[in-house]
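Each remark here refers to the structure printed beneath this line.
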Amino acid sequence: MRWALVKVCLAVTVMVVVAFAVPLGLVVKEMARDRAFSNAERRAAGLAPVLAITTDRDELDKAVATTEDGATGRLAIHVPAAEPGAEPLEIGTRRADAEELEATRSLGRASIAEVPGGFALLQPTALSSGQVAVVELFVPEGEVTNGVATAWLVLAGVGAALIVGSVAVADRLGVRMVRPAQRLAGAAHDLGEGRLGARVPEEGPPELKSAAVAFNSMADQVVQLLANERELAADLSHRLRTPLTVLRLNAASLGSGPAADQTRAAVEQLEREVDIIIRTAREAKPQTQATGPGAGCDAAEVVRERMDFWSALAEDEGRRVRVAGVERPVRIPVARPELVAALDALLGNVFRHTPEGTAFSIDLHNGDDAVIVLVSDAGPGIADPAAALARGNSGARAGSTGLGLDIVRRMAETTGGDVRIGHSVLGGAEVRVWIGLDGRRGADAGRRGHRPARRRRGGTGTRRAVDG
């Protein structure tokens, strides 16, 4: 499509240039010819007063010699014989034929005869005797075409510039139309290959921009559907733990015997299957990280939205909440569903593991290379931050499924960032999430400027655990 547009624009421009340049060049040529003969006719008419006074050879020789054309041998005067049998008078070099001279005398007006090297202007002039003399002025070919070659070169240059400019503009327009279509096709291919983070920038012509908006919306819905499916599988599996615990306790009270052993073995097998389902729902996570220019979400908008959701519960439990850094948009390369899941996991830990009435805050810091999401509370804190973060890799350890901080850790690591746990100024736990804006470089720059806070020694209260 790009080259087709260039070819069409090239053809149209060439036709326009030819349609205007060629007639204009012919007009310039005709104007130069008219200008040359008009000047020649004016100079030839300058001898009319002399011929009207005298036809003496000596006087006419002096008059011809005093003119510029006469001095260069380009002027001649042809005077007919005054009496029958006398010789006609000719001064200067004749270039025109005798027939052309007679035709000019009979017509009584100026004429142009083509001669070797140029043209001869024949100007009739009436004498006092009633006869007609002819003044012949030679006009070289170069004088007739003076400036025509330059005009043609200028027209050719302007035409070439117009053609090159139109091709360049058509190529840029073609690129503007083709690139969004190519990006849309590439993103569709990536989505078909299972890379669910594929997004396209919403730019270009209105039609392609609408297609990009529709594609991104479709991809977000696919990601959300898969996330809901995984969350549903994990949630249902968690819900099965309570009845499984009751079954295991009842099976333990059955005593001994083949039937009791089989029941206990079946319960243990069922517990293992539930654990497998939970880990599979967590680990078999397709790539949902937004990629490409224009992808991602506004972190400030997402934080405001989630705080509106959690503020109702905070008000019921008497918690004071502080939100900062969300006044202006903060763009991050993270898909909206991923950031929503991470914030819900962090805020859910605050509500789950701190007493009612405990204050908490969420801060958003926008840096050059990274964005920091800081969730702090005034609760008892976390006894072992390293262990809490390690629970995302729970492996085969019983009772840990990695559905809490693991979501946050995975989200941060896809941008080259990480998660740190320390102590907040409120006196409780502080979870600091680094989200890189420029891949690994942004995260490294952020980590050089931050060290996790040390755990305070002593103090009252029990350090809380986290659903890692």
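Just remember, in the structure tokens the first chain shown is A, the second B, etc., residues are 1-based per chain, and ligands are 1-based in the order shown.
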
Name all residues at most 10 Å from Arg322 in chain A (count only C-alpha atoms; drop same-chain ones fewer than 4 positions away) and give them as a PyMOL selection string. chain A and resi 307+359-363+376

Just want the 8 Å neighbourhood of range 208-217 of chain A, counted on only C-alpha atoms, with same-chain residues fewer than 4 positions away dropped. Output as a list in words.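 What passes the distance filter is Met177, Pro180, Ala181, Leu184, Arg199, Val200, Pro201, Glu202, Glu203, Gly204 and Gln221 of chain A.
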
Using only C-alpha atoms, pick whichever of A:His365, A:Ala71, A:Asp308, A:Ala342 has the shortest atom-to-atom distance to Glu327 in chain A. A:His365

Residue nearest Asp369 in chain A among A:Ile407, A:Ala251, A:Val16, A:Ile435 (counting only C-alpha atoms):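 Closest to Asp369 in chain A of all the choices is A:Ile435.
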
Contact residues around Pro140 in chain A with only C-alpha atoms at 10 Å, ignoring same-chain residues under 2 positions, as an mmCIF file with C-alpha atoms, in the first residue's frame:
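result-v3.cif written:
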```cif
data_model
loop_
_atom_site.group_PDB
_atom_site.id
_atom_site.type_symbol
_atom_site.label_atom_id
_atom_site.label_comp_id
_atom_site.auth_asym_id
_atom_site.auth_seq_id
_atom_site.Cartn_x
_atom_site.Cartn_y
_atom_site.Cartn_z
ATOM 1 C CA ALA A 36 14.260 40.358 -29.810
ATOM 2 C CA ARG A 74 24.331 43.813 -38.940
ATOM 3 C CA VAL A 115 18.807 33.719 -43.086
ATOM 4 C CA PRO A 116 21.926 31.688 -42.239
ATOM 5 C CA GLY A 117 22.869 32.249 -38.573
ATOM 6 C CA GLY A 118 19.654 33.959 -37.599
ATOM 7 C CA PHE A 119 16.909 36.190 -38.951
ATOM 8 C CA ALA A 120 16.709 39.378 -41.034
ATOM 9 C CA LEU A 137 18.649 44.444 -39.612
ATOM 10 C CA PHE A 138 20.294 41.076 -38.851
ATOM 11 C CA GLY A 142 21.337 33.609 -29.883
ATOM 12 C CA GLU A 143 19.562 36.932 -29.440
ATOM 13 C CA VAL A 144 16.205 35.398 -30.379
ATOM 14 C CA THR A 145 16.619 32.574 -27.851
#
```

Could you name the residues that touch Leu313 in chain A at 12 Å or less, counting only C-alpha atoms, but leaving out those on the same chain fewer than 4 positions away, as a list in words?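 Close residues of Leu313 in chain A: Arg306, Met307, Asp308, Phe309, Glu317, Gly318, Arg319, Arg320, Val321, Leu347, Gly348, Val350, Phe351, Arg352, Glu356 and Gly357 of chain A.
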
May I ask for the distance between CA of Ala335 in chain A and CA of Gly296 in chain A, given in Å to one decimal place?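 Going from CA of Ala335 in chain A over to CA of Gly296 in chain A covers 4.8 Å.
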